[in-house]
Each structure stands twice: as C-alpha cells, then as structure tokens.
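Beneath this line is the structure, given in structure tokens, with notes to follow.
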Amino acid sequence: MKKIYCVFFCVLLQACSTVGSVERPSSYYQEQASNSQNSLVGDPVLGNNNDSIQELLNYQVRLPEKNRIAVLKLSQDKYWRAYSNDFTVLNDSLVKSLITKLRSSDRVYDASFLPAMLVSEKRSVSTLREAAARFQADLLLAYTSSCYSYQKYKFIDPNNSKSYCSVESILLDIRSGVIVKSIVSTEDFIASKASTDTNFRETMKRAELEAVAAALGNVASEVTSFLNGVPRI
C-alpha cells in the first residue's frame, strides 16, 4: 500500500528574500532645526514646488507611542476567494495572521483593514491619505501581491510546478504624506498535484496562498521592527 503524503496538496518553500528600505541615519537631521514635527507636509501633488519637495526631504517622521495601522490590499483576487470554502478559509487565515502580527507590536494599538467605502476608484497618495485620516489611522500599509510560474519546470513533471509569489508594500505616514518604509518580499515554492485536487490550477492556487501568507508575514516583521526605532511625538 502506498503511503499518502499529501492530503490536499504539497507545497515546499524553496527560498525567500525580503528587502526593506533603509532608515536615514539620525545625523541627517542634526541641521534641520526648523522642521516642525507637528505640522502636515503640503499637498503630495508637488509639481515643481521646490519648497514642498525640500520639506518632504527634510521631514523626520515621529509617531505617537501607540498607533493605528490601516491596511489596504491594492491587487484583486476575487475569483479564487469565491471558488470554494477552502480558499475562503485560507484567505481569512492569511488576513488574520497579518493583522495579529502587526498588533503584536508595542507601538500598535490597532491594525485593521481600511473600510472599502472610504477608498475611491482613484487611488493616489492624496486620496489614500485622506481615507486613512478619516479612519483615524496614523499609518497606512498598502500592498500588492503577484505570483508567477516557471513554465520550463513543468515540462519536467506535469504534476509539479515551481513558482514564486511577491508582496510589494509601502508604509505611509498619514501626518506627513511621507512613505517611511517600502518592503518587497518574495517566496519561492514547489507545488505537487494530489489526487484530491480538482485540477492543477487549484493545486497552484493553494500553494500560492501559502507563499503570499509567508511573504506578508515577512512584511509585518519588517514593519514592527521599523516602528521600534521611530521617535515618539
């Protein structure tokens, strides 16, 4: 009797990489005595306004002791979420894991998804900043996710596929309109079709959701680590 190693699907994470922007050294701000930490930086649509651009470049972010993070997913994936209850559970687990990890930070009192009714179809920095402000969020974590397959790998074995998923994110300071952190996290994985899978695309999607969850976990870790070093208001 053959042993069954896969109940639903097999996924093996092969490698991962997470790259976050580097914070400015504190020495950069030593000569910026005129910088007001309590005022908002002007309209993000700057054009050729050199003064506003200089203000943004000189701004040193400061945050309250405890903060609310509004989370917004910019990419869409509605079809697979409604495909089956299994995918709904996986999506909900992914979201819960991200929110829980952000809330674990000593600098965060709440992390919640930005209500959809506040987000207009035109998603510029200024409109997203206003929506987050109405939600009384101190920070906005916006992200997109994407997954791709290595087509050549599938020729070796039609029941296996090697793919990677990436999560690209930005952390926006609502008071200033400054993007204080950018993070890109990528997870590689191999998915193997099990007899219980309806088709190979279902196998792939399950594996992709696991990879996205891992990448989002990396993003959350980078955010919480960054917050630990941000000066208090």
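Identifiers for the structure tokens are assigned positionally: chains receive A, B, ... in sequence, residues are indexed from 1 per chain, and ligands are indexed from 1 in the order shown.
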Original post:
Can you list, as a ChimeraX atom specification, every protein, DNA or RNA residue that comes within 10 Å of Thr100 (chain A) when you count only C-alpha atoms, leaving out same-chain residues fewer than 5 positions away?
Top reply: /A:95,105,110-112,217,220
Using the selection just defined, write its residues with all heavy atoms as a tab-separated table (two decimals), in the first residue's frame.
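Written output follows (again_15.tsv):
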```
chain	number	residue	atom	x	y	z
A	95	VAL	N	-5.24	36.79	6.30
A	95	VAL	CA	-5.56	38.13	6.82
A	95	VAL	C	-5.38	38.18	8.33
A	95	VAL	O	-4.78	39.11	8.87
A	95	VAL	CB	-7.00	38.52	6.42
A	95	VAL	CG1	-7.43	39.76	7.18
A	95	VAL	CG2	-7.10	38.74	4.92
A	105	SER	N	2.99	44.37	18.00
A	105	SER	CA	3.98	45.41	18.27
A	105	SER	C	3.56	46.29	19.45
A	105	SER	O	2.39	46.64	19.59
A	105	SER	CB	4.17	46.29	17.03
A	105	SER	OG	4.96	47.42	17.32
A	110	ASP	N	-3.88	49.13	17.25
A	110	ASP	CA	-4.86	48.54	16.35
A	110	ASP	C	-4.28	48.44	14.95
A	110	ASP	O	-3.55	49.32	14.50
A	110	ASP	CB	-6.14	49.37	16.31
A	110	ASP	CG	-7.20	48.77	15.38
A	110	ASP	OD1	-7.31	47.52	15.35
A	110	ASP	OD2	-7.89	49.52	14.70
A	111	ALA	N	-4.60	47.34	14.27
A	111	ALA	CA	-4.31	47.16	12.85
A	111	ALA	C	-5.56	46.57	12.23
A	111	ALA	O	-6.01	45.50	12.64
A	111	ALA	CB	-3.11	46.25	12.65
A	112	SER	N	-6.14	47.29	11.29
A	112	SER	CA	-7.40	46.87	10.68
A	112	SER	C	-7.41	47.25	9.22
A	112	SER	O	-6.73	48.19	8.80
A	112	SER	CB	-8.60	47.54	11.38
A	112	SER	OG	-8.60	47.28	12.76
A	217	GLY	N	3.89	37.80	6.16
A	217	GLY	CA	4.47	37.68	7.49
A	217	GLY	C	5.82	38.37	7.56
A	217	GLY	O	6.15	39.04	8.55
A	220	ALA	N	5.16	42.14	7.71
A	220	ALA	CA	4.73	42.54	9.04
A	220	ALA	C	5.91	42.61	10.00
A	220	ALA	O	6.00	43.52	10.84
A	220	ALA	CB	3.67	41.57	9.57
```
Original post:
Neighbours of region 119-124 of chain A within 12 Å (only C-alpha atoms; same-chain residues fewer than 3 positions away dropped), as a PyMOL selection string?
Top reply: chain A and resi 43-45+70-75+113-116+127-135+142+177
I need the chosen residues saved as a compact mmCIF listing (two decimals), in the first residue's frame, with C-alpha atoms.
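Printed below is selection14.txt as written:
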```txt
# COMPACT_ATOMS: atom_id res chain seq x y z
CA ASP A 43 -0.15 68.52 -0.90
CA PRO A 44 1.61 65.36 -2.21
CA VAL A 45 0.91 66.58 -5.78
CA ALA A 70 -4.87 50.89 8.28
CA VAL A 71 -4.22 48.02 5.88
CA LEU A 72 -5.19 48.13 2.20
CA LYS A 73 -4.73 45.45 -0.45
CA LEU A 74 -4.42 47.12 -3.84
CA SER A 75 -4.44 43.99 -6.02
CA PHE A 113 -8.32 46.85 7.03
CA LEU A 114 -9.33 50.24 5.67
CA PRO A 115 -13.11 50.19 5.04
CA ALA A 116 -13.77 49.79 1.31
CA THR A 127 -6.81 60.15 -1.72
CA LEU A 128 -5.46 57.20 0.25
CA ARG A 129 -4.04 59.56 2.86
CA GLU A 130 -7.40 61.27 3.27
CA ALA A 131 -9.24 57.95 3.56
CA ALA A 132 -6.85 56.73 6.23
CA ALA A 133 -7.15 60.04 8.11
CA ARG A 134 -10.94 59.67 8.19
CA PHE A 135 -10.33 56.24 9.71
CA ALA A 142 -0.76 49.29 1.31
CA GLY A 177 2.28 62.06 3.49
```
**OP:** Please provide as a list in words all residues within 9 Å of Arg68 (chain A), with the sequence filter that same-chain residues fewer than 2 positions apart are discarded (counting only C-alpha atoms).
**Re:** Lys66, Ala70, Arg103, Arg107, Val108, Tyr109, Asp110, Ala111, Ser112, Gln136, Ala137, Asp138, Leu139 and Leu140 of chain A
Excluding Val223 (chain A) and any residue of its chain fewer than 3 positions from it, enumerate the residues within 10 Å of it, using only C-alpha atoms, and give them as a tab-separated table (two decimals) with N, CA and C atoms, in the first residue's frame.
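Ended up saving to selection03.tsv:
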```
chain	number	residue	atom	x	y	z
A	20	GLY	N	13.86	45.54	2.56
A	20	GLY	CA	13.18	46.74	3.01
A	20	GLY	C	14.07	47.95	2.84
A	101	LYS	N	-0.01	39.80	13.69
A	101	LYS	CA	1.42	40.10	13.80
A	101	LYS	C	1.66	41.60	13.96
A	102	LEU	N	0.89	42.42	13.23
A	102	LEU	CA	1.04	43.87	13.37
A	102	LEU	C	0.62	44.33	14.76
A	105	SER	N	2.99	44.37	18.00
A	105	SER	CA	3.98	45.41	18.27
A	105	SER	C	3.56	46.29	19.45
A	141	LEU	N	-0.65	50.84	5.59
A	141	LEU	CA	0.15	49.79	4.97
A	141	LEU	C	-0.60	49.30	3.74
A	170	ILE	N	4.10	49.44	0.90
A	170	ILE	CA	4.60	50.73	1.37
A	170	ILE	C	3.91	51.06	2.69
A	171	LEU	N	4.63	51.78	3.54
A	171	LEU	CA	4.08	52.25	4.81
A	171	LEU	C	4.04	53.77	4.75
A	181	LYS	N	8.53	53.65	4.74
A	181	LYS	CA	9.11	52.31	4.60
A	181	LYS	C	8.55	51.65	3.35
A	182	SER	N	9.42	50.98	2.61
A	182	SER	CA	8.97	50.15	1.49
A	182	SER	C	9.59	48.77	1.64
A	183	ILE	N	8.81	47.75	1.34
A	183	ILE	CA	9.26	46.37	1.55
A	183	ILE	C	8.80	45.51	0.38
A	217	GLY	N	3.89	37.80	6.16
A	217	GLY	CA	4.47	37.68	7.49
A	217	GLY	C	5.82	38.37	7.56
A	218	ASN	N	6.60	38.26	6.48
A	218	ASN	CA	7.89	38.95	6.42
A	218	ASN	C	7.71	40.46	6.42
A	219	VAL	N	6.70	40.92	5.68
A	219	VAL	CA	6.41	42.36	5.63
A	219	VAL	C	6.03	42.87	7.02
A	220	ALA	N	5.16	42.14	7.71
A	220	ALA	CA	4.73	42.54	9.04
A	220	ALA	C	5.91	42.61	10.00
A	226	PHE	N	10.66	48.23	12.25
A	226	PHE	CA	10.85	49.65	11.93
A	226	PHE	C	10.22	50.54	13.00
A	227	LEU	N	9.01	50.21	13.42
A	227	LEU	CA	8.30	51.04	14.39
A	227	LEU	C	9.05	51.15	15.71
A	228	ASN	N	9.78	50.12	16.06
A	228	ASN	CA	10.51	50.14	17.33
A	228	ASN	C	11.55	51.26	17.39
```
Original post:
So which residues of region 119-181 of chain A fall under strand (DSSP E or B) by DSSP, listed as a PyMOL selection string?
Top reply: chain A and resi 139-149+160-173+178-181
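By chain and then residue number, the residues within 12 Å of Tyr148 (chain A) are Ser161, Lys162, Ser163, Tyr164, Cys165, Ser166, Thr186, Glu187, Asp188, Phe189, Ile190, Met204, Lys205, Ala207, Glu208, Ala211 and Val212 of chain A, counting only C-alpha atoms and disregarding those fewer than 5 positions away in sequence.
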**OP:** Mind the document's chain letters and residue numbers, and return as a ChimeraX atom specification the residues of region 90-197 of chain A that DSSP labels alpha helix (DSSP H).
**Re:** /A:90-103,125-134,151-156
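Remark: for Leu172 (chain A), the closest of the candidate residues A:Thr144, A:Ile69, A:Thr203, A:Val184 is A:Ile69 (distances computed over only C-alpha atoms).
Of the residues listed (A:Ser97, A:Ser104, A:Ser176, A:Leu209), A:Leu209 shows the shortest atom-to-atom separation from Cys147 (chain A); distances use only C-alpha atoms.
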Original post:
What is the CA of Glu202 (chain A) to CA of Ser146 (chain A) distance in Å?
Top reply: 16.2 Å
